[in-house]
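Asks: Quick one: structure below, then a few questions.
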Amino acid sequence: DQIPMSEGQFNRFFKSMTRSTPIEYLNAYRIRKAGEYLSASDKKISAIAMDVGFDNLSYFIKVFRQTMRCTPSEFRKKHGLRPEQSG
């Protein structure tokens, strides 16, 4: 209501400026945040998914894999806390 253009016009404008749709842009941001959380904590993956705005774990894993080229579990194994970093 605040922007004088239709949803389709806004989506085209947004994509012309960012090279991604609003949903793609938002999901990329959420996945980057999830990566930070996976690296910095031992919180459950399902809880991290919820924290970054995904209410469906399967969809979160699908989007994470498309973006990061690995599953959240694999990412955590590669980039997670090491014993000397914890506590």
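A note on labels: chains of the structure tokens are A, B, ... as shown, every chain counts residues from 1, and ligands are counted from 1 in their shown order.
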Show which residues sit within 12 Å of region 43-48 of chain A, as a CSV table (one decimal) with N, CA, C and O atoms, in the first residue's frame. Count only C-alpha atoms, and ignore same-chain residues fewer than 6 positions away.

Replies:
chain,number,residue,atom,x,y,z
A,30,ARG,N,18.9,-15.3,5.2
A,30,ARG,CA,18.6,-16.3,6.3
A,30,ARG,C,19.6,-17.4,6.3
A,30,ARG,O,20.0,-17.8,7.4
A,31,ILE,N,20.0,-17.9,5.1
A,31,ILE,CA,21.0,-19.0,5.1
A,31,ILE,C,22.3,-18.5,5.6
A,31,ILE,O,23.0,-19.2,6.3
A,32,ARG,N,22.7,-17.3,5.2
A,32,ARG,CA,24.0,-16.8,5.7
A,32,ARG,C,24.0,-16.7,7.3
A,32,ARG,O,24.9,-17.1,8.0
A,33,LYS,N,22.9,-16.2,7.8
A,33,LYS,CA,22.7,-16.2,9.3
A,33,LYS,C,22.7,-17.6,9.9
A,33,LYS,O,23.4,-17.8,10.9
A,34,ALA,N,22.1,-18.5,9.2
A,34,ALA,CA,22.1,-19.9,9.7
A,34,ALA,C,23.5,-20.4,9.7
A,34,ALA,O,23.9,-21.1,10.7
A,35,GLY,N,24.3,-20.1,8.7
A,35,GLY,CA,25.7,-20.6,8.7
A,35,GLY,C,26.5,-20.0,9.9
A,35,GLY,O,27.3,-20.7,10.5
A,36,GLU,N,26.2,-18.7,10.2
A,36,GLU,CA,26.9,-18.1,11.3
A,36,GLU,C,26.5,-18.9,12.6
A,36,GLU,O,27.4,-19.2,13.5
A,37,TYR,N,25.2,-19.2,12.8
A,37,TYR,CA,24.8,-19.9,14.0
A,37,TYR,C,25.3,-21.3,14.0
A,37,TYR,O,25.7,-21.8,15.1
A,54,PHE,N,12.7,-20.0,9.0
A,54,PHE,CA,12.1,-21.1,8.3
A,54,PHE,C,11.3,-22.0,9.3
A,54,PHE,O,11.8,-22.4,10.3
A,55,ASP,N,10.0,-22.2,9.0
A,55,ASP,CA,9.2,-23.0,9.9
A,55,ASP,C,9.0,-24.4,9.4
A,55,ASP,O,8.3,-25.2,10.0
A,56,ASN,N,9.7,-24.7,8.3
A,56,ASN,CA,9.7,-26.1,7.7
A,56,ASN,C,11.1,-26.6,7.6
A,56,ASN,O,11.8,-26.0,6.7
A,57,LEU,N,11.5,-27.6,8.3
A,57,LEU,CA,12.9,-28.0,8.4
A,57,LEU,C,13.3,-28.6,7.0
A,57,LEU,O,14.4,-28.3,6.5
A,58,SER,N,12.4,-29.3,6.3
A,58,SER,CA,12.8,-29.9,5.0
A,58,SER,C,13.1,-28.8,4.0
A,58,SER,O,14.0,-28.9,3.2
A,59,TYR,N,12.2,-27.7,4.0
A,59,TYR,CA,12.5,-26.6,3.1
A,59,TYR,C,13.8,-25.9,3.5
A,59,TYR,O,14.6,-25.5,2.6
A,60,PHE,N,14.0,-25.7,4.8
A,60,PHE,CA,15.3,-25.1,5.2
A,60,PHE,C,16.5,-25.9,4.7
A,60,PHE,O,17.4,-25.3,4.1
A,61,ILE,N,16.5,-27.2,4.8
A,61,ILE,CA,17.6,-28.0,4.4
A,61,ILE,C,17.7,-27.9,2.9
A,61,ILE,O,18.9,-27.8,2.4
A,64,PHE,N,19.2,-24.5,2.1
A,64,PHE,CA,20.5,-24.4,2.6
A,64,PHE,C,21.5,-25.2,1.6
A,64,PHE,O,22.5,-24.7,1.2
A,71,THR,N,24.7,-29.9,3.2
A,71,THR,CA,23.6,-29.8,4.2
A,71,THR,C,24.1,-29.0,5.4
A,71,THR,O,25.3,-28.8,5.6
A,72,PRO,N,23.1,-28.6,6.2
A,72,PRO,CA,23.5,-27.9,7.5
A,72,PRO,C,24.4,-28.8,8.4
A,72,PRO,O,25.4,-28.3,8.9
A,73,SER,N,24.2,-30.1,8.4
A,73,SER,CA,25.0,-31.0,9.2
A,73,SER,C,26.4,-31.0,8.7
A,73,SER,O,27.4,-30.9,9.4
A,74,GLU,N,26.6,-31.1,7.4
A,74,GLU,CA,27.9,-31.1,6.7
A,74,GLU,C,28.6,-29.8,7.0
A,74,GLU,O,29.8,-29.8,7.3
A,75,PHE,N,27.9,-28.7,6.9
A,75,PHE,CA,28.4,-27.4,7.1
A,75,PHE,C,29.0,-27.3,8.5
A,75,PHE,O,30.1,-26.8,8.7
A,76,ARG,N,28.2,-27.8,9.5
A,76,ARG,CA,28.6,-27.7,10.9
A,76,ARG,C,29.9,-28.5,11.1
A,76,ARG,O,30.8,-28.1,11.8
A,80,GLY,N,32.1,-25.9,12.2
A,80,GLY,CA,31.6,-25.7,13.6
A,80,GLY,C,32.6,-25.5,14.6
A,80,GLY,O,33.8,-25.4,14.3
A,81,LEU,N,32.2,-25.3,15.9
A,81,LEU,CA,33.1,-25.1,17.0
A,81,LEU,C,34.1,-26.2,17.1
A,81,LEU,O,33.8,-27.4,17.0

Asks: My list of candidates is A:Thr18, A:Asn27, A:Met5, A:Phe13. Which is closest to Thr67 (chain A) when distances are computed with only C-alpha atoms?

Replies: A:Asn27
